[in-house]
file structure.cif (mmCIF, N, CA and C atoms)
data_input
#
loop_
_atom_site.label_atom_id
_atom_site.label_comp_id
_atom_site.auth_asym_id
_atom_site.auth_seq_id
_atom_site.Cartn_x
_atom_site.Cartn_y
_atom_site.Cartn_z
N MET A 743 65.98 -7.74 -28.33
CA MET A 743 66.96 -8.62 -27.72
C MET A 743 67.93 -7.77 -26.93
N ARG A 744 68.38 -8.29 -25.82
CA ARG A 744 69.30 -7.54 -24.99
C ARG A 744 70.19 -8.52 -24.24
N VAL A 745 71.44 -8.13 -24.07
CA VAL A 745 72.33 -8.82 -23.15
C VAL A 745 72.89 -7.78 -22.20
N SER A 746 73.32 -8.22 -21.04
CA SER A 746 73.75 -7.28 -20.00
C SER A 746 75.10 -6.66 -20.26
N GLY A 747 76.04 -7.41 -20.82
CA GLY A 747 77.38 -6.89 -21.00
C GLY A 747 77.67 -6.46 -22.41
N SER A 748 78.84 -5.86 -22.60
CA SER A 748 79.21 -5.38 -23.92
C SER A 748 80.09 -6.37 -24.66
N SER A 749 80.57 -7.40 -23.99
CA SER A 749 81.42 -8.36 -24.69
C SER A 749 81.15 -9.77 -24.17
N GLY A 750 81.44 -10.74 -25.03
CA GLY A 750 81.34 -12.13 -24.62
C GLY A 750 79.95 -12.71 -24.64
N GLN A 751 78.94 -11.93 -25.04
CA GLN A 751 77.58 -12.46 -25.03
C GLN A 751 76.95 -12.41 -26.41
N GLU A 752 77.79 -12.31 -27.45
CA GLU A 752 77.27 -12.27 -28.82
C GLU A 752 76.51 -13.54 -29.15
N SER A 753 76.95 -14.68 -28.62
CA SER A 753 76.25 -15.93 -28.90
C SER A 753 74.84 -15.91 -28.31
N SER A 754 74.65 -15.25 -27.18
CA SER A 754 73.33 -15.14 -26.59
C SER A 754 72.42 -14.28 -27.46
N LEU A 755 72.95 -13.18 -27.98
CA LEU A 755 72.17 -12.34 -28.89
C LEU A 755 71.79 -13.12 -30.14
N ALA A 756 72.74 -13.87 -30.68
CA ALA A 756 72.48 -14.66 -31.89
C ALA A 756 71.42 -15.73 -31.62
N ALA A 757 71.50 -16.37 -30.46
CA ALA A 757 70.53 -17.41 -30.11
C ALA A 757 69.13 -16.81 -29.95
N GLN A 758 69.05 -15.64 -29.33
CA GLN A 758 67.75 -14.98 -29.16
C GLN A 758 67.17 -14.63 -30.53
N GLU A 759 68.00 -14.08 -31.41
CA GLU A 759 67.52 -13.71 -32.74
C GLU A 759 67.05 -14.95 -33.51
N GLU A 760 67.83 -16.01 -33.46
CA GLU A 760 67.47 -17.25 -34.16
C GLU A 760 66.12 -17.78 -33.67
N GLU A 761 65.93 -17.80 -32.35
CA GLU A 761 64.67 -18.30 -31.79
C GLU A 761 63.49 -17.41 -32.19
N LEU A 762 63.69 -16.11 -32.16
CA LEU A 762 62.61 -15.20 -32.53
C LEU A 762 62.24 -15.33 -34.00
N ARG A 763 63.26 -15.45 -34.85
CA ARG A 763 62.99 -15.60 -36.29
C ARG A 763 62.30 -16.94 -36.58
N ALA A 764 62.75 -18.00 -35.92
CA ALA A 764 62.21 -19.34 -36.16
C ALA A 764 60.74 -19.45 -35.76
N THR A 765 60.32 -18.67 -34.79
CA THR A 765 58.96 -18.76 -34.29
C THR A 765 58.04 -17.67 -34.84
N SER A 766 58.58 -16.80 -35.68
CA SER A 766 57.80 -15.69 -36.22
C SER A 766 56.83 -16.19 -37.28
N THR A 767 55.59 -15.71 -37.22
CA THR A 767 54.60 -16.05 -38.24
C THR A 767 54.36 -14.87 -39.18
N GLY A 768 54.85 -13.70 -38.82
CA GLY A 768 54.67 -12.51 -39.65
C GLY A 768 56.00 -12.03 -40.20
N GLU A 769 55.93 -10.90 -40.86
CA GLU A 769 57.13 -10.29 -41.43
C GLU A 769 57.99 -9.69 -40.32
N VAL A 770 59.29 -9.95 -40.36
CA VAL A 770 60.22 -9.34 -39.41
C VAL A 770 60.63 -7.99 -40.00
N VAL A 771 60.21 -6.92 -39.36
CA VAL A 771 60.49 -5.57 -39.85
C VAL A 771 61.90 -5.16 -39.49
N LYS A 772 62.30 -5.42 -38.26
CA LYS A 772 63.62 -5.00 -37.79
C LYS A 772 63.98 -5.81 -36.56
N VAL A 773 65.26 -6.12 -36.45
CA VAL A 773 65.79 -6.76 -35.25
C VAL A 773 66.57 -5.70 -34.49
N VAL A 774 66.21 -5.50 -33.24
CA VAL A 774 66.88 -4.49 -32.41
C VAL A 774 67.67 -5.22 -31.34
N LYS A 775 68.98 -4.94 -31.32
CA LYS A 775 69.86 -5.55 -30.33
C LYS A 775 70.37 -4.47 -29.39
N ASP A 776 70.45 -4.81 -28.13
CA ASP A 776 70.90 -3.86 -27.12
C ASP A 776 71.88 -4.55 -26.19
N ARG A 777 72.89 -3.81 -25.78
CA ARG A 777 73.85 -4.30 -24.80
C ARG A 777 73.81 -3.34 -23.63
N GLY A 778 73.49 -3.85 -22.46
CA GLY A 778 73.44 -3.00 -21.28
C GLY A 778 72.42 -3.52 -20.30
N SER A 779 72.47 -3.00 -19.13
CA SER A 779 71.59 -3.43 -18.06
C SER A 779 70.14 -3.14 -18.40
N GLY A 780 69.28 -4.10 -18.10
CA GLY A 780 67.85 -3.91 -18.28
C GLY A 780 67.26 -2.91 -17.31
N LEU A 781 68.05 -2.47 -16.35
CA LEU A 781 67.60 -1.45 -15.41
C LEU A 781 67.82 -0.04 -15.97
N ARG A 782 68.71 0.08 -16.98
CA ARG A 782 68.95 1.38 -17.59
C ARG A 782 67.75 1.77 -18.43
N GLU A 783 67.25 2.96 -18.21
CA GLU A 783 66.09 3.43 -18.95
C GLU A 783 66.47 3.99 -20.31
N ASN A 784 67.68 4.48 -20.45
CA ASN A 784 68.08 5.17 -21.67
C ASN A 784 69.02 4.30 -22.49
N ARG A 785 68.50 3.17 -22.99
CA ARG A 785 69.29 2.29 -23.84
C ARG A 785 68.95 2.59 -25.29
N PRO A 786 69.96 2.64 -26.17
CA PRO A 786 69.69 2.96 -27.58
C PRO A 786 68.68 2.01 -28.22
N GLY A 787 68.79 0.72 -27.96
CA GLY A 787 67.87 -0.24 -28.56
C GLY A 787 66.44 -0.03 -28.07
N LEU A 788 66.27 0.17 -26.78
CA LEU A 788 64.94 0.42 -26.23
C LEU A 788 64.36 1.70 -26.84
N ASN A 789 65.18 2.72 -26.98
CA ASN A 789 64.72 3.97 -27.59
C ASN A 789 64.28 3.75 -29.04
N ARG A 790 65.00 2.90 -29.79
CA ARG A 790 64.60 2.59 -31.17
C ARG A 790 63.25 1.86 -31.19
N VAL A 791 63.07 0.92 -30.28
CA VAL A 791 61.79 0.19 -30.20
C VAL A 791 60.66 1.17 -29.89
N LEU A 792 60.85 2.04 -28.92
CA LEU A 792 59.81 3.02 -28.57
C LEU A 792 59.50 3.93 -29.75
N ALA A 793 60.51 4.32 -30.52
CA ALA A 793 60.29 5.17 -31.69
C ALA A 793 59.48 4.42 -32.75
N MET A 794 59.80 3.14 -32.97
CA MET A 794 59.06 2.35 -33.96
C MET A 794 57.61 2.15 -33.52
N VAL A 795 57.39 1.96 -32.22
CA VAL A 795 56.03 1.81 -31.70
C VAL A 795 55.26 3.11 -31.93
N SER A 796 55.87 4.24 -31.59
CA SER A 796 55.15 5.52 -31.67
C SER A 796 54.94 6.00 -33.09
N ASP A 797 55.81 5.60 -34.03
CA ASP A 797 55.60 6.06 -35.42
C ASP A 797 54.78 5.07 -36.25
N GLY A 798 54.34 3.98 -35.62
CA GLY A 798 53.45 3.04 -36.30
C GLY A 798 54.12 2.09 -37.26
N SER A 799 55.44 1.97 -37.19
CA SER A 799 56.13 1.08 -38.14
C SER A 799 56.12 -0.38 -37.71
N VAL A 800 55.62 -0.68 -36.50
CA VAL A 800 55.48 -2.07 -36.05
C VAL A 800 54.10 -2.26 -35.42
N SER A 801 53.62 -3.49 -35.49
CA SER A 801 52.34 -3.80 -34.84
C SER A 801 52.55 -4.79 -33.69
N VAL A 802 53.73 -5.46 -33.69
CA VAL A 802 54.06 -6.43 -32.66
C VAL A 802 55.52 -6.26 -32.29
N VAL A 803 55.81 -6.30 -31.00
CA VAL A 803 57.19 -6.35 -30.50
C VAL A 803 57.34 -7.72 -29.87
N ARG A 804 58.37 -8.48 -30.31
CA ARG A 804 58.56 -9.85 -29.81
C ARG A 804 59.89 -9.93 -29.06
N VAL A 805 59.88 -10.59 -27.92
CA VAL A 805 61.09 -10.85 -27.13
C VAL A 805 61.05 -12.28 -26.63
N THR A 806 62.22 -12.84 -26.33
CA THR A 806 62.25 -14.20 -25.79
C THR A 806 61.73 -14.23 -24.36
N HIS A 807 62.15 -13.26 -23.55
CA HIS A 807 61.72 -13.15 -22.15
C HIS A 807 61.45 -11.67 -21.87
N GLU A 808 60.52 -11.40 -20.96
CA GLU A 808 60.19 -10.01 -20.61
C GLU A 808 61.41 -9.21 -20.21
N ASP A 809 62.32 -9.83 -19.46
CA ASP A 809 63.46 -9.07 -18.95
C ASP A 809 64.46 -8.69 -20.05
N ARG A 810 64.28 -9.22 -21.27
CA ARG A 810 65.11 -8.78 -22.39
C ARG A 810 64.68 -7.40 -22.86
N LEU A 811 63.42 -7.03 -22.57
CA LEU A 811 62.94 -5.69 -22.88
C LEU A 811 63.32 -4.74 -21.76
N ALA A 812 63.03 -5.11 -20.53
CA ALA A 812 63.36 -4.30 -19.36
C ALA A 812 63.25 -5.16 -18.12
N ARG A 813 64.06 -4.86 -17.11
CA ARG A 813 63.99 -5.62 -15.86
C ARG A 813 62.72 -5.31 -15.09
N PHE A 814 62.33 -4.05 -15.11
CA PHE A 814 61.14 -3.61 -14.38
C PHE A 814 60.34 -2.67 -15.27
N GLY A 815 59.06 -2.56 -15.03
CA GLY A 815 58.23 -1.63 -15.77
C GLY A 815 57.69 -2.17 -17.08
N VAL A 816 57.77 -3.47 -17.29
CA VAL A 816 57.27 -4.05 -18.54
C VAL A 816 55.76 -3.83 -18.66
N GLY A 817 55.06 -3.84 -17.54
CA GLY A 817 53.62 -3.58 -17.56
C GLY A 817 53.31 -2.20 -18.12
N TRP A 818 54.11 -1.22 -17.75
CA TRP A 818 53.92 0.14 -18.28
C TRP A 818 54.20 0.18 -19.77
N LEU A 819 55.25 -0.55 -20.19
CA LEU A 819 55.56 -0.59 -21.62
C LEU A 819 54.42 -1.24 -22.40
N LYS A 820 53.84 -2.31 -21.85
CA LYS A 820 52.69 -2.96 -22.51
C LYS A 820 51.54 -1.97 -22.68
N GLN A 821 51.27 -1.19 -21.63
CA GLN A 821 50.19 -0.21 -21.70
C GLN A 821 50.49 0.86 -22.75
N LEU A 822 51.73 1.31 -22.80
CA LEU A 822 52.13 2.31 -23.80
C LEU A 822 51.98 1.74 -25.21
N PHE A 823 52.46 0.50 -25.39
CA PHE A 823 52.34 -0.16 -26.70
C PHE A 823 50.87 -0.23 -27.11
N ALA A 824 49.99 -0.58 -26.16
CA ALA A 824 48.56 -0.73 -26.46
C ALA A 824 47.95 0.59 -26.94
N VAL A 825 48.40 1.70 -26.39
CA VAL A 825 47.92 3.01 -26.82
C VAL A 825 48.16 3.19 -28.32
N TYR A 826 49.28 2.64 -28.81
CA TYR A 826 49.63 2.74 -30.23
C TYR A 826 49.17 1.52 -31.03
N GLY A 827 48.40 0.63 -30.41
CA GLY A 827 47.89 -0.54 -31.10
C GLY A 827 48.95 -1.62 -31.33
N VAL A 828 49.98 -1.62 -30.51
CA VAL A 828 51.08 -2.59 -30.64
C VAL A 828 50.98 -3.60 -29.50
N THR A 829 51.19 -4.87 -29.82
CA THR A 829 51.17 -5.90 -28.79
C THR A 829 52.60 -6.36 -28.50
N LEU A 830 52.81 -6.82 -27.29
CA LEU A 830 54.09 -7.40 -26.88
C LEU A 830 53.90 -8.90 -26.81
N GLU A 831 54.70 -9.63 -27.58
CA GLU A 831 54.69 -11.09 -27.54
C GLU A 831 55.94 -11.55 -26.81
N VAL A 832 55.75 -12.39 -25.80
CA VAL A 832 56.85 -12.93 -25.02
C VAL A 832 56.87 -14.45 -25.25
N LEU A 833 57.94 -14.95 -25.85
CA LEU A 833 58.02 -16.38 -26.17
C LEU A 833 57.97 -17.25 -24.92
N HIS A 834 58.65 -16.83 -23.88
CA HIS A 834 58.73 -17.60 -22.63
C HIS A 834 58.25 -16.71 -21.48
N PRO A 835 56.92 -16.62 -21.29
CA PRO A 835 56.41 -15.75 -20.23
C PRO A 835 56.81 -16.24 -18.85
N LYS A 836 56.95 -15.29 -17.93
CA LYS A 836 57.26 -15.62 -16.54
C LYS A 836 56.10 -16.37 -15.92
N LYS A 837 56.44 -17.31 -15.10
CA LYS A 837 55.40 -17.96 -14.30
C LYS A 837 55.24 -17.09 -13.06
N SER A 838 54.05 -16.60 -12.86
CA SER A 838 53.81 -15.71 -11.74
C SER A 838 53.92 -16.52 -10.45
N GLY A 839 55.08 -16.42 -9.81
CA GLY A 839 55.33 -17.25 -8.65
C GLY A 839 55.58 -16.47 -7.38
N GLY A 840 55.10 -15.25 -7.30
CA GLY A 840 55.22 -14.48 -6.08
C GLY A 840 56.61 -14.45 -5.50
N ARG A 841 56.90 -15.39 -4.63
CA ARG A 841 58.16 -15.41 -3.89
C ARG A 841 59.36 -15.59 -4.83
N ASP A 842 59.27 -16.54 -5.76
CA ASP A 842 60.38 -16.79 -6.69
C ASP A 842 60.65 -15.57 -7.56
N GLU A 843 59.58 -14.94 -8.04
CA GLU A 843 59.73 -13.76 -8.88
C GLU A 843 60.36 -12.62 -8.08
N LEU A 844 59.93 -12.43 -6.85
CA LEU A 844 60.49 -11.40 -6.00
C LEU A 844 61.97 -11.66 -5.74
N LEU A 845 62.33 -12.90 -5.49
CA LEU A 845 63.73 -13.26 -5.27
C LEU A 845 64.57 -13.00 -6.52
N GLU A 846 64.04 -13.35 -7.70
CA GLU A 846 64.75 -13.08 -8.95
C GLU A 846 64.98 -11.58 -9.12
N ASP A 847 63.96 -10.77 -8.86
CA ASP A 847 64.09 -9.32 -8.98
C ASP A 847 65.13 -8.78 -8.01
N PHE A 848 65.12 -9.29 -6.79
CA PHE A 848 66.08 -8.84 -5.78
C PHE A 848 67.51 -9.18 -6.21
N VAL A 849 67.71 -10.39 -6.68
CA VAL A 849 69.05 -10.81 -7.14
C VAL A 849 69.50 -9.96 -8.32
N SER A 850 68.59 -9.65 -9.23
CA SER A 850 68.92 -8.79 -10.38
C SER A 850 69.38 -7.42 -9.92
N LEU A 851 68.64 -6.85 -8.97
CA LEU A 851 69.01 -5.53 -8.45
C LEU A 851 70.38 -5.55 -7.79
N VAL A 852 70.60 -6.51 -6.91
CA VAL A 852 71.88 -6.60 -6.20
C VAL A 852 73.02 -6.80 -7.20
N THR A 853 72.85 -7.69 -8.16
CA THR A 853 73.88 -7.96 -9.16
C THR A 853 74.20 -6.72 -9.96
N THR A 854 73.17 -6.02 -10.41
CA THR A 854 73.38 -4.82 -11.22
C THR A 854 74.10 -3.74 -10.43
N PHE A 855 73.65 -3.46 -9.22
CA PHE A 855 74.27 -2.40 -8.44
C PHE A 855 75.68 -2.77 -7.98
N ALA A 856 75.93 -4.04 -7.69
CA ALA A 856 77.29 -4.47 -7.34
C ALA A 856 78.22 -4.28 -8.53
N GLY A 857 77.74 -4.64 -9.72
CA GLY A 857 78.55 -4.45 -10.92
C GLY A 857 78.87 -2.99 -11.17
N ARG A 858 77.89 -2.13 -10.98
CA ARG A 858 78.13 -0.68 -11.16
C ARG A 858 79.12 -0.16 -10.13
N LEU A 859 78.98 -0.60 -8.88
CA LEU A 859 79.88 -0.17 -7.82
C LEU A 859 81.31 -0.59 -8.12
N TYR A 860 81.51 -1.85 -8.50
CA TYR A 860 82.85 -2.33 -8.83
C TYR A 860 83.39 -1.63 -10.06
N GLY A 861 82.53 -1.32 -11.02
CA GLY A 861 82.96 -0.57 -12.20
C GLY A 861 83.45 0.82 -11.85
N MET A 862 82.74 1.47 -10.93
CA MET A 862 83.16 2.80 -10.48
C MET A 862 84.49 2.73 -9.76
N ARG A 863 84.64 1.74 -8.89
CA ARG A 863 85.90 1.58 -8.17
C ARG A 863 87.05 1.31 -9.13
N SER A 864 86.79 0.48 -10.14
CA SER A 864 87.81 0.14 -11.12
C SER A 864 88.23 1.37 -11.91
N ALA A 865 87.27 2.19 -12.31
CA ALA A 865 87.58 3.41 -13.06
C ALA A 865 88.41 4.37 -12.21
N GLN A 866 88.05 4.50 -10.93
CA GLN A 866 88.81 5.37 -10.03
C GLN A 866 90.23 4.84 -9.85
N ALA A 867 90.37 3.54 -9.71
CA ALA A 867 91.70 2.93 -9.53
C ALA A 867 92.55 3.14 -10.78
N ARG A 868 91.98 2.97 -11.97
CA ARG A 868 92.73 3.20 -13.22
C ARG A 868 93.19 4.63 -13.31
N LYS A 869 92.29 5.55 -12.99
CA LYS A 869 92.61 6.97 -13.05
C LYS A 869 93.75 7.31 -12.08
N ARG A 870 93.67 6.74 -10.86
CA ARG A 870 94.72 6.99 -9.86
C ARG A 870 96.06 6.44 -10.32
N LEU A 871 96.05 5.20 -10.87
CA LEU A 871 97.30 4.59 -11.33
C LEU A 871 97.91 5.37 -12.49
N LEU A 872 97.07 5.84 -13.41
CA LEU A 872 97.59 6.64 -14.52
C LEU A 872 98.17 7.96 -14.02
N ALA A 873 97.50 8.59 -13.05
CA ALA A 873 98.01 9.84 -12.49
C ALA A 873 99.34 9.62 -11.77
N GLU A 874 99.44 8.51 -11.03
CA GLU A 874 100.67 8.22 -10.29
C GLU A 874 101.82 7.90 -11.25
N SER A 875 101.50 7.32 -12.39
CA SER A 875 102.57 6.97 -13.34
C SER A 875 102.95 8.15 -14.23
N GLY A 876 102.22 9.26 -14.11
CA GLY A 876 102.54 10.44 -14.89
C GLY A 876 101.95 10.40 -16.30
N GLN A 877 101.11 9.43 -16.59
CA GLN A 877 100.53 9.32 -17.92
C GLN A 877 99.24 10.13 -18.07
N CYS A 878 98.77 10.68 -16.99
CA CYS A 878 97.51 11.41 -17.02
C CYS A 878 97.70 12.73 -16.29
N ALA A 879 97.31 13.84 -16.92
CA ALA A 879 97.40 15.14 -16.26
C ALA A 879 96.32 15.23 -15.20
N GLY A 880 96.54 16.02 -14.21
CA GLY A 880 95.50 16.25 -13.22
C GLY A 880 95.87 15.73 -11.84
N GLY A 881 97.07 15.27 -11.65
CA GLY A 881 97.50 14.83 -10.33
C GLY A 881 96.76 13.62 -9.87
N GLY A 882 96.54 13.50 -8.57
CA GLY A 882 95.91 12.32 -8.00
C GLY A 882 94.42 12.47 -7.79
N ASP A 883 93.81 13.48 -8.42
CA ASP A 883 92.38 13.71 -8.24
C ASP A 883 91.57 12.65 -8.97
N ALA A 884 90.92 11.76 -8.23
CA ALA A 884 90.14 10.67 -8.84
C ALA A 884 88.68 11.07 -9.02
N GLY A 885 88.33 12.28 -8.79
CA GLY A 885 87.08 12.75 -9.15
C GLY A 885 85.91 12.89 -8.42
#
call {"tool": "encode", "arguments": {"input": "structure.cif", "output": "structure tokens"}}
result
Amino acid sequence: MRVSGSSGQESSLAAQEEELRATSTGEVVKVVKDRGSGLRENRPGLNRVLAMVSDGSVSVVRVTHEDRLARFGVGWLKQLFAVYGVTLEVLHPKKSGGRDELLEDFVSLVTTFAGRLYGMRSAQARKRLLAESGQCAGGGDAG
């Protein structure tokens, strides 16, 4: 399970977990929750899932939607899982719709990069304001 932000989306994580548990026919070994962009490759939750796949402690990885695992590269993850005899179950698979899917991917990319850009600007502005107020050593160097 994954949500994009670090706050305000706990109900989404809880809803995903509830749906996955309600539809499970096997033993639930572990629930892995992650907060962060699905475009980030180095997420703690994704790393835990990959470790469980490689050490043989799971035989199935279940997600509500593919993009909860990763925004891109899910096909590669499926192939990697298969090498270890693990299957990926997606409760709500994408409908392969060519144009619609491409548009969704494009919007995801733009949204993610815009958020990162605004986050960088916000961090620089905070740093500058703290330096100007004398609360931060280092002068006006925003980095």
call {"tool": "resolve_selection", "arguments": {"input": "structure.cif", "expression": "the PyMOL selection byres (((chain A and resi 806 and name CA) around 6) and name CA)", "output": "list in words"}}
result
Val805, His807, Val832, Leu833 and His834 of chain A
call {"tool": "closest_residue", "arguments": {"input": "structure.cif", "among": "A:Ala873, A:Val795, A:Leu762, A:Leu845", "to": "Val825 of chain A", "atoms": "only N, CA and C atoms"}}
result
A:Val795
call {"tool": "atom_distance", "arguments": {"input": "structure.cif", "atom1": "atom C of Val774 of chain A", "atom2": "atom N of Leu788 of chain A"}}
result
7.2 Å
call {"tool": "atom_distance", "arguments": {"input": "structure.cif", "atom1": "atom CA of Lys820 of chain A", "atom2": "atom N of Asp842 of chain A"}}
result
22.5 Å
call {"tool": "atom_distance", "arguments": {"input": "structure.cif", "atom1": "atom CA of Pro835 of chain A", "atom2": "atom CA of Asp809 of chain A"}}
result
9.8 Å
call {"tool": "build_atoms", "arguments": {"input": "structure.cif", "residues": "segment 800-816 of chain A", "atoms": "N, CA, C and O atoms", "output": "compact mmCIF listing (two decimals), in the frame of the given file"}}
result
# COMPACT_ATOMS: atom_id res chain seq x y z
N VAL A 800 55.62 -0.68 -36.50
CA VAL A 800 55.48 -2.07 -36.05
C VAL A 800 54.10 -2.26 -35.42
O VAL A 800 53.50 -1.31 -34.92
N SER A 801 53.62 -3.49 -35.49
CA SER A 801 52.34 -3.80 -34.84
C SER A 801 52.55 -4.79 -33.69
O SER A 801 51.69 -4.96 -32.85
N VAL A 802 53.73 -5.46 -33.69
CA VAL A 802 54.06 -6.43 -32.66
C VAL A 802 55.52 -6.26 -32.29
O VAL A 802 56.38 -6.08 -33.15
N VAL A 803 55.81 -6.30 -31.00
CA VAL A 803 57.19 -6.35 -30.50
C VAL A 803 57.34 -7.72 -29.87
O VAL A 803 56.53 -8.12 -29.03
N ARG A 804 58.37 -8.48 -30.31
CA ARG A 804 58.56 -9.85 -29.81
C ARG A 804 59.89 -9.93 -29.06
O ARG A 804 60.90 -9.41 -29.54
N VAL A 805 59.88 -10.59 -27.92
CA VAL A 805 61.09 -10.85 -27.13
C VAL A 805 61.05 -12.28 -26.63
O VAL A 805 59.97 -12.88 -26.52
N THR A 806 62.22 -12.84 -26.33
CA THR A 806 62.25 -14.20 -25.79
C THR A 806 61.73 -14.23 -24.36
O THR A 806 60.96 -15.11 -23.99
N HIS A 807 62.15 -13.26 -23.55
CA HIS A 807 61.72 -13.15 -22.15
C HIS A 807 61.45 -11.67 -21.87
O HIS A 807 62.09 -10.80 -22.45
N GLU A 808 60.52 -11.40 -20.96
CA GLU A 808 60.19 -10.01 -20.61
C GLU A 808 61.41 -9.21 -20.21
O GLU A 808 61.55 -8.04 -20.57
N ASP A 809 62.32 -9.83 -19.46
CA ASP A 809 63.46 -9.07 -18.95
C ASP A 809 64.46 -8.69 -20.05
O ASP A 809 65.37 -7.93 -19.82
N ARG A 810 64.28 -9.22 -21.27
CA ARG A 810 65.11 -8.78 -22.39
C ARG A 810 64.68 -7.40 -22.86
O ARG A 810 65.46 -6.67 -23.44
N LEU A 811 63.42 -7.03 -22.57
CA LEU A 811 62.94 -5.69 -22.88
C LEU A 811 63.32 -4.74 -21.76
O LEU A 811 63.91 -3.68 -22.01
N ALA A 812 63.03 -5.11 -20.53
CA ALA A 812 63.36 -4.30 -19.36
C ALA A 812 63.25 -5.16 -18.12
O ALA A 812 62.45 -6.09 -18.07
N ARG A 813 64.06 -4.86 -17.11
CA ARG A 813 63.99 -5.62 -15.86
C ARG A 813 62.72 -5.31 -15.09
O ARG A 813 62.14 -6.17 -14.45
N PHE A 814 62.33 -4.05 -15.11
CA PHE A 814 61.14 -3.61 -14.38
C PHE A 814 60.34 -2.67 -15.27
O PHE A 814 60.88 -2.06 -16.18
N GLY A 815 59.06 -2.56 -15.03
CA GLY A 815 58.23 -1.63 -15.77
C GLY A 815 57.69 -2.17 -17.08
O GLY A 815 57.18 -1.40 -17.89
N VAL A 816 57.77 -3.47 -17.29
CA VAL A 816 57.27 -4.05 -18.54
C VAL A 816 55.76 -3.83 -18.66
O VAL A 816 55.25 -3.59 -19.75
